[in-house]
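Below is one structure, written out as structure tokens; comments come after it.
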Amino acid sequence: MMKKLLYTILILGFSISVSAQNKQLNFEKQLMNYFQKQSWDKITITRDSLYTSPFKEKFNVSISKNFVEFDTTHIVVKNPYFAEKYEEGKDYVKNFPKSFSVIYENSLISLFENGKFACFKLDSFERDTKLEDKLNTKKFKYHWIIDKQLRALSGNSIYKWNGNKWIKHKGYFPLKNQPKLFEDDEFIVYKDCHGEWGGTIYFFEKKSSKTFFTESTCANSIIKDKNGYNVLAHLGHGGGSTEIKTIANPRRLTLAKPSEIRKTVNGEALGYVDKSNAYKKKFDFYGVQIFSSFKYQNKELFIVHLSDLTFLAEIKNNEIEIVNPLFFNNLYTHNPITKQYGNYILMNLDHYGKGLYREVSVLIIDGNKIIKVDWNENNSRKKRI
């Protein structure tokens with residue numbers, strides 16, 4: 001009996017290994033075919049060199065030998081408060097969430113034009129109407145998770161949810177009609193973006209209510225490690241660009257006057273005023289956009305957009321190694337945000353052509369599962385590989 005069990009385990013392990021190898025080979029073939037078709041000249045594309053940057057800050061794109069397997073799912077969820085009057089014309093964006101969604105109590109919490117929350121259980125995407133009934137006692141304009149509590153703007157006041165009711169927040173609150181980028185025990189971090197005129201990242205110190213800033217065009221995610229705050233930013237203008245600045249101590253950045261925050265100076269982002277040089281550039285690439293960074297199984301993974309294809313990669317110095325094709329399509333976003341909520345990673349995606357500055361989709365990463373949720377309609381653009 002024991003021998004039979006061991007034999008079964010060995011056969012199962014072998015089958016899983018073969019399946020993984022087949023996926024890896026198929027993945028490599030698809031990518032090489034795709035980049036070969038994208039090539040303007042007749043160079044031979046190999047797994048070690050799918051694309052080499054022609055710009056000053058060189059980078060090479062290759063296929064990683066360490067394929068990272070994810071189960072990917074794509075669903076469409078309709079705004080439960082969908083209004084026919086917004087289906088056509090300039091008001092069509094009002095059927096998308098008016099505030100970037102958050103994760104709270106294992107539910108996706110989204111806010112819509114009527115000022116009401118819709119709550120979707122992450123294990124099934126069924127609506128949690130009991131939670132909605134509790135939350136929807138006021139009309140809200142924006143919402144966040146701050147100090148692990150749900151906060152929301154109603155009228156001109158900020159309220160916090162104590163689990164049973166909304167309580168009015170006392171004291172200064174740094175966020176307006178904008179999402180939070182990152183938070184730890186010391187700082188609430190947020191940003192503004194003025195496109196080709198630059199962007200600013202703000203570090204609001206909770207203890208002192210002071211705000212420190214520097215340039216970041218335009219920040220989309222932060223990973224904190226022993227070296228400090230690694231701020232990933234990207235811009236789609238021109239051929240696209242992306243960088244990571246590592247800020248060891250935000251208090252060494254320039255201190256913002258309250259009247260300066262979210263303002264421009266001579267038509268450019270406030271961030272350019274910072275001359276502290278209190279950061280180091282980890283990389284600075286042109287001709288590629290990196291939408292997101294997050295931690296997964298002791299790896300730092302990136303969502304990269306290049307040659308009309310969006311994929312998952314590791315970055316080692318100037319080498320971008322593709323580890324997963326994601327959805328093998330032209331997933332695109334202009335001003336996304338990625339944050340961690342406990343075991344979940346949430347990426348909010350906007351798209352100017354569909355929802356202007358509003359969220360049109362989210363990516364939810366839960367262990368080895370990635371689910372893309374589109375609001376109201378299929379927002380994917382498939383690629384022919």
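Residue numbering restarts at 1 for every chain of the structure tokens, chains are lettered A, B, ... in their displayed order, and ligands are numbered from 1 as they appear.
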
query = So which residues of segment 38-227 of chain A fall under strand (DSSP E) by DSSP, listed as a PyMOL selection string?
reply = chain A and resi 51-52+60-63+71-77+99-104+107-111+117-121+142-146+149-154+157-161+166-168+182-183+187-193+199-205+211-215+219-225

query = Skipping near chain neighbours, those fewer than 5 positions away, what residues fall within 12 Å of segment 156-160 of chain A using only C-alpha atoms, listed as a list in words?
reply =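 So the residues in contact are Leu135, Thr137, Lys138, Lys139, Phe140, Lys141, Tyr142, His143, Trp144, Ile145, Ile146, Asp147, Lys148, Gln149, Leu150, Arg151, Lys165, Trp166, Ile167, Lys168, His169, Lys170, Gly171, Tyr172, Phe173, Pro174, Leu175, Lys176 and Asn177 of chain A.
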
Go ahead and dump the residues you just picked, N, CA and C atoms, as a PDB file, in the first residue's frame.
ATOM      1  N   LEU A 135     -22.661  50.761   5.404  1.00  0.00           N
ATOM      2  CA  LEU A 135     -21.802  51.868   4.977  1.00  0.00           C
ATOM      3  C   LEU A 135     -22.573  53.028   4.354  1.00  0.00           C
ATOM      4  N   THR A 137     -24.893  55.128   4.748  1.00  0.00           N
ATOM      5  CA  THR A 137     -25.761  55.995   5.557  1.00  0.00           C
ATOM      6  C   THR A 137     -25.533  57.474   5.230  1.00  0.00           C
ATOM      7  N   LYS A 138     -24.551  57.744   4.388  1.00  0.00           N
ATOM      8  CA  LYS A 138     -24.267  59.092   3.893  1.00  0.00           C
ATOM      9  C   LYS A 138     -23.937  58.987   2.417  1.00  0.00           C
ATOM     10  N   LYS A 139     -23.812  60.131   1.759  1.00  0.00           N
ATOM     11  CA  LYS A 139     -23.324  60.151   0.387  1.00  0.00           C
ATOM     12  C   LYS A 139     -21.862  60.587   0.419  1.00  0.00           C
ATOM     13  N   PHE A 140     -21.036  59.825  -0.298  1.00  0.00           N
ATOM     14  CA  PHE A 140     -19.601  60.044  -0.218  1.00  0.00           C
ATOM     15  C   PHE A 140     -19.009  60.461  -1.569  1.00  0.00           C
ATOM     16  N   LYS A 141     -17.841  61.099  -1.483  1.00  0.00           N
ATOM     17  CA  LYS A 141     -17.163  61.603  -2.677  1.00  0.00           C
ATOM     18  C   LYS A 141     -15.859  60.868  -2.974  1.00  0.00           C
ATOM     19  N   TYR A 142     -15.209  60.323  -1.921  1.00  0.00           N
ATOM     20  CA  TYR A 142     -13.943  59.615  -2.102  1.00  0.00           C
ATOM     21  C   TYR A 142     -13.715  58.722  -0.888  1.00  0.00           C
ATOM     22  N   HIS A 143     -12.844  57.733  -1.038  1.00  0.00           N
ATOM     23  CA  HIS A 143     -12.579  56.850   0.098  1.00  0.00           C
ATOM     24  C   HIS A 143     -11.165  56.276   0.048  1.00  0.00           C
ATOM     25  N   TRP A 144     -10.671  55.849   1.214  1.00  0.00           N
ATOM     26  CA  TRP A 144      -9.322  55.328   1.379  1.00  0.00           C
ATOM     27  C   TRP A 144      -9.303  54.302   2.517  1.00  0.00           C
ATOM     28  N   ILE A 145      -8.176  53.581   2.630  1.00  0.00           N
ATOM     29  CA  ILE A 145      -7.852  52.840   3.843  1.00  0.00           C
ATOM     30  C   ILE A 145      -6.667  53.563   4.477  1.00  0.00           C
ATOM     31  N   ILE A 146      -6.851  54.086   5.677  1.00  0.00           N
ATOM     32  CA  ILE A 146      -5.799  54.771   6.416  1.00  0.00           C
ATOM     33  C   ILE A 146      -5.719  54.129   7.802  1.00  0.00           C
ATOM     34  N   ASP A 147      -4.510  53.778   8.231  1.00  0.00           N
ATOM     35  CA  ASP A 147      -4.331  53.093   9.519  1.00  0.00           C
ATOM     36  C   ASP A 147      -5.249  51.876   9.628  1.00  0.00           C
ATOM     37  N   LYS A 148      -5.414  51.186   8.506  1.00  0.00           N
ATOM     38  CA  LYS A 148      -6.218  49.955   8.399  1.00  0.00           C
ATOM     39  C   LYS A 148      -7.713  50.189   8.644  1.00  0.00           C
ATOM     40  N   GLN A 149      -8.122  51.459   8.648  1.00  0.00           N
ATOM     41  CA  GLN A 149      -9.540  51.801   8.780  1.00  0.00           C
ATOM     42  C   GLN A 149     -10.053  52.414   7.478  1.00  0.00           C
ATOM     43  N   LEU A 150     -11.318  52.164   7.205  1.00  0.00           N
ATOM     44  CA  LEU A 150     -11.951  52.773   6.056  1.00  0.00           C
ATOM     45  C   LEU A 150     -12.234  54.237   6.366  1.00  0.00           C
ATOM     46  N   ARG A 151     -11.798  55.137   5.509  1.00  0.00           N
ATOM     47  CA  ARG A 151     -12.067  56.571   5.640  1.00  0.00           C
ATOM     48  C   ARG A 151     -12.800  57.019   4.381  1.00  0.00           C
ATOM     49  N   LYS A 165     -20.231  52.257  12.738  1.00  0.00           N
ATOM     50  CA  LYS A 165     -20.774  53.532  12.286  1.00  0.00           C
ATOM     51  C   LYS A 165     -19.645  54.459  11.850  1.00  0.00           C
ATOM     52  N   TRP A 166     -20.035  55.544  11.182  1.00  0.00           N
ATOM     53  CA  TRP A 166     -19.086  56.547  10.735  1.00  0.00           C
ATOM     54  C   TRP A 166     -18.869  57.580  11.844  1.00  0.00           C
ATOM     55  N   ILE A 167     -17.594  57.891  12.101  1.00  0.00           N
ATOM     56  CA  ILE A 167     -17.228  58.886  13.103  1.00  0.00           C
ATOM     57  C   ILE A 167     -16.451  59.998  12.413  1.00  0.00           C
ATOM     58  N   LYS A 168     -16.785  61.226  12.714  1.00  0.00           N
ATOM     59  CA  LYS A 168     -16.125  62.360  12.080  1.00  0.00           C
ATOM     60  C   LYS A 168     -14.662  62.443  12.500  1.00  0.00           C
ATOM     61  N   HIS A 169     -13.797  62.587  11.511  1.00  0.00           N
ATOM     62  CA  HIS A 169     -12.365  62.684  11.772  1.00  0.00           C
ATOM     63  C   HIS A 169     -12.016  64.088  12.254  1.00  0.00           C
ATOM     64  N   LYS A 170     -11.210  64.154  13.297  1.00  0.00           N
ATOM     65  CA  LYS A 170     -10.754  65.436  13.816  1.00  0.00           C
ATOM     66  C   LYS A 170      -9.289  65.626  13.465  1.00  0.00           C
ATOM     67  N   GLY A 171      -8.906  66.842  13.149  1.00  0.00           N
ATOM     68  CA  GLY A 171      -7.521  67.120  12.810  1.00  0.00           C
ATOM     69  C   GLY A 171      -7.283  67.165  11.313  1.00  0.00           C
ATOM     70  N   TYR A 172      -6.047  67.400  10.938  1.00  0.00           N
ATOM     71  CA  TYR A 172      -5.685  67.560   9.523  1.00  0.00           C
ATOM     72  C   TYR A 172      -5.690  66.216   8.813  1.00  0.00           C
ATOM     73  N   PHE A 173      -6.170  66.218   7.589  1.00  0.00           N
ATOM     74  CA  PHE A 173      -6.171  65.023   6.747  1.00  0.00           C
ATOM     75  C   PHE A 173      -5.510  65.388   5.424  1.00  0.00           C
ATOM     76  N   PRO A 174      -4.427  64.716   5.020  1.00  0.00           N
ATOM     77  CA  PRO A 174      -3.623  65.174   3.888  1.00  0.00           C
ATOM     78  C   PRO A 174      -4.198  64.925   2.505  1.00  0.00           C
ATOM     79  N   LEU A 175      -5.132  63.994   2.377  1.00  0.00           N
ATOM     80  CA  LEU A 175      -5.625  63.611   1.054  1.00  0.00           C
ATOM     81  C   LEU A 175      -6.897  64.368   0.689  1.00  0.00           C
ATOM     82  N   LYS A 176      -7.005  64.684  -0.583  1.00  0.00           N
ATOM     83  CA  LYS A 176      -8.204  65.342  -1.112  1.00  0.00           C
ATOM     84  C   LYS A 176      -8.917  64.330  -2.012  1.00  0.00           C
ATOM     85  N   ASN A 177      -9.182  64.712  -3.248  1.00  0.00           N
ATOM     86  CA  ASN A 177      -9.806  63.791  -4.201  1.00  0.00           C
ATOM     87  C   ASN A 177      -8.712  63.050  -4.973  1.00  0.00           C
TER      88      ASN A 177
END

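The neighbours of Ser53 of chain A here are the residues that come within 9 Å of it, using only C-alpha atoms and leaving out any residue fewer than 2 positions away in the same chain; they are Tyr51, Phe55, Lys56, Glu57, Lys58, Phe59, Asn60, Val61, Phe285, Tyr286, Gly287 and Val288 of chain A.
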
Exercise: segment 319-326 of chain A partners within 6 Å, only C-alpha atoms, chain neighbours under 4 positions left out, as number ranges by chain = A: 59-64, 67-68, 311-315

Write out the residues from the selection above, keeping N, CA and C atoms, as a CSV table (one decimal), in the first residue's frame.
chain,number,residue,atom,x,y,z
A,59,PHE,N,18.9,48.9,-21.9
A,59,PHE,CA,18.4,47.7,-21.2
A,59,PHE,C,18.1,46.6,-22.3
A,60,ASN,N,18.1,45.4,-21.8
A,60,ASN,CA,17.9,44.3,-22.7
A,60,ASN,C,16.7,43.5,-22.1
A,61,VAL,N,15.8,43.0,-23.0
A,61,VAL,CA,14.7,42.2,-22.6
A,61,VAL,C,14.9,40.8,-23.0
A,62,SER,N,14.8,39.9,-22.0
A,62,SER,CA,15.0,38.4,-22.3
A,62,SER,C,13.9,37.6,-21.6
A,63,ILE,N,13.9,36.3,-21.8
A,63,ILE,CA,13.0,35.4,-21.2
A,63,ILE,C,13.7,34.8,-20.0
A,64,SER,N,13.1,34.9,-18.8
A,64,SER,CA,13.7,34.3,-17.6
A,64,SER,C,13.7,32.8,-17.7
A,67,PHE,N,10.5,30.7,-14.8
A,67,PHE,CA,9.1,31.0,-15.1
A,67,PHE,C,8.3,31.1,-13.8
A,68,VAL,N,7.5,32.1,-13.6
A,68,VAL,CA,6.7,32.3,-12.4
A,68,VAL,C,5.2,32.0,-12.8
A,311,PHE,N,3.5,42.5,-19.7
A,311,PHE,CA,3.9,41.2,-19.1
A,311,PHE,C,4.5,41.5,-17.7
A,312,LEU,N,4.8,40.3,-17.0
A,312,LEU,CA,5.4,40.4,-15.7
A,312,LEU,C,6.9,40.1,-15.8
A,313,ALA,N,7.8,40.8,-15.1
A,313,ALA,CA,9.2,40.7,-15.2
A,313,ALA,C,9.9,40.9,-13.9
A,314,GLU,N,11.1,40.4,-13.8
A,314,GLU,CA,12.1,40.8,-12.8
A,314,GLU,C,13.1,41.7,-13.5
A,315,ILE,N,13.7,42.6,-12.8
A,315,ILE,CA,14.7,43.5,-13.3
A,315,ILE,C,16.0,43.4,-12.5

inquiry  = Between A:Ile365, A:Ala256, A:Ile45, A:Ala118, which residue has the minimum interatomic distance to Pro97 of chain A, considering only C-alpha atoms?
reply    = A:Ala118

ask   = Between A:Gly238, A:Gly198, A:Pro250, A:Pro179, which has the minimum distance to Tyr272 of chain A (counting only C-alpha atoms)?
value = A:Gly198

Name the residues in contact with Tyr190 of chain A at a cut-off of 8 Å, using only C-alpha atoms, excluding same-chain residues fewer than 4 positions from it; report them as a PDB file with C-alpha atoms, in the first residue's frame.
ATOM      1  CA  LEU A 175      -5.625  63.611   1.054  1.00  0.00           C
ATOM      2  CA  GLN A 178      -6.854  61.506  -4.864  1.00  0.00           C
ATOM      3  CA  PRO A 179      -5.753  57.984  -3.934  1.00  0.00           C
ATOM      4  CA  LYS A 180      -3.179  57.073  -1.337  1.00  0.00           C
ATOM      5  CA  LEU A 181       0.015  55.693  -2.834  1.00  0.00           C
ATOM      6  CA  PHE A 182       1.622  54.106   0.235  1.00  0.00           C
ATOM      7  CA  ILE A 201       5.571  62.697  -4.609  1.00  0.00           C
ATOM      8  CA  TYR A 202       4.601  63.864  -1.110  1.00  0.00           C
ATOM      9  CA  PHE A 203       5.562  62.241   2.204  1.00  0.00           C
TER      10      PHE A 203
END

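We find atom CA of Ile244 of chain A and atom CA of Glu268 of chain A to be spaced 20.4 Å apart.
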
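Separating atom CA of Thr214 of chain A from atom CA of Gly195 of chain A is a distance of 15.5 Å.
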
query = Can you list, as a ChimeraX atom specification, every protein, DNA or RNA residue that comes within 7 Å of Asn376 of chain A when you count only C-alpha atoms, leaving out same-chain residues fewer than 3 positions away?
reply = /A:76-79

Restricting the output to N, CA and C atoms, write the selected residues as a CSV table (one decimal), in the first residue's frame.
chain,number,residue,atom,x,y,z
A,76,VAL,N,-15.9,40.6,-16.0
A,76,VAL,CA,-16.5,41.9,-16.1
A,76,VAL,C,-17.6,42.0,-15.1
A,77,VAL,N,-17.5,43.1,-14.3
A,77,VAL,CA,-18.5,43.4,-13.3
A,77,VAL,C,-19.2,44.7,-13.6
A,78,LYS,N,-20.5,44.7,-13.6
A,78,LYS,CA,-21.3,45.9,-14.0
A,78,LYS,C,-21.5,46.7,-12.7
A,79,ASN,N,-21.3,48.0,-12.8
A,79,ASN,CA,-21.7,48.9,-11.7
A,79,ASN,C,-23.1,48.6,-11.3

task = Can you check which residues of segment 134-279 of chain A DSSP gives as helix (DSSP H, G or I) on the backbone and send them as a ChimeraX atom specification?
result = /A:134-135,195-197,250-252,270-273

message = Please determine, counting only C-alpha atoms, which residue among A:Asp91, A:Glu196, A:Asp225, A:Asp284 has the shortest atom-to-atom distance to Asn298 of chain A.
response =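 Closest residue, counting only C-alpha atoms: A:Asp225.
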
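Shortest atom-to-atom contact with Glu243 of chain A among A:Leu301, A:Ile261, A:Cys218, A:Leu50: A:Cys218, counting only C-alpha atoms.
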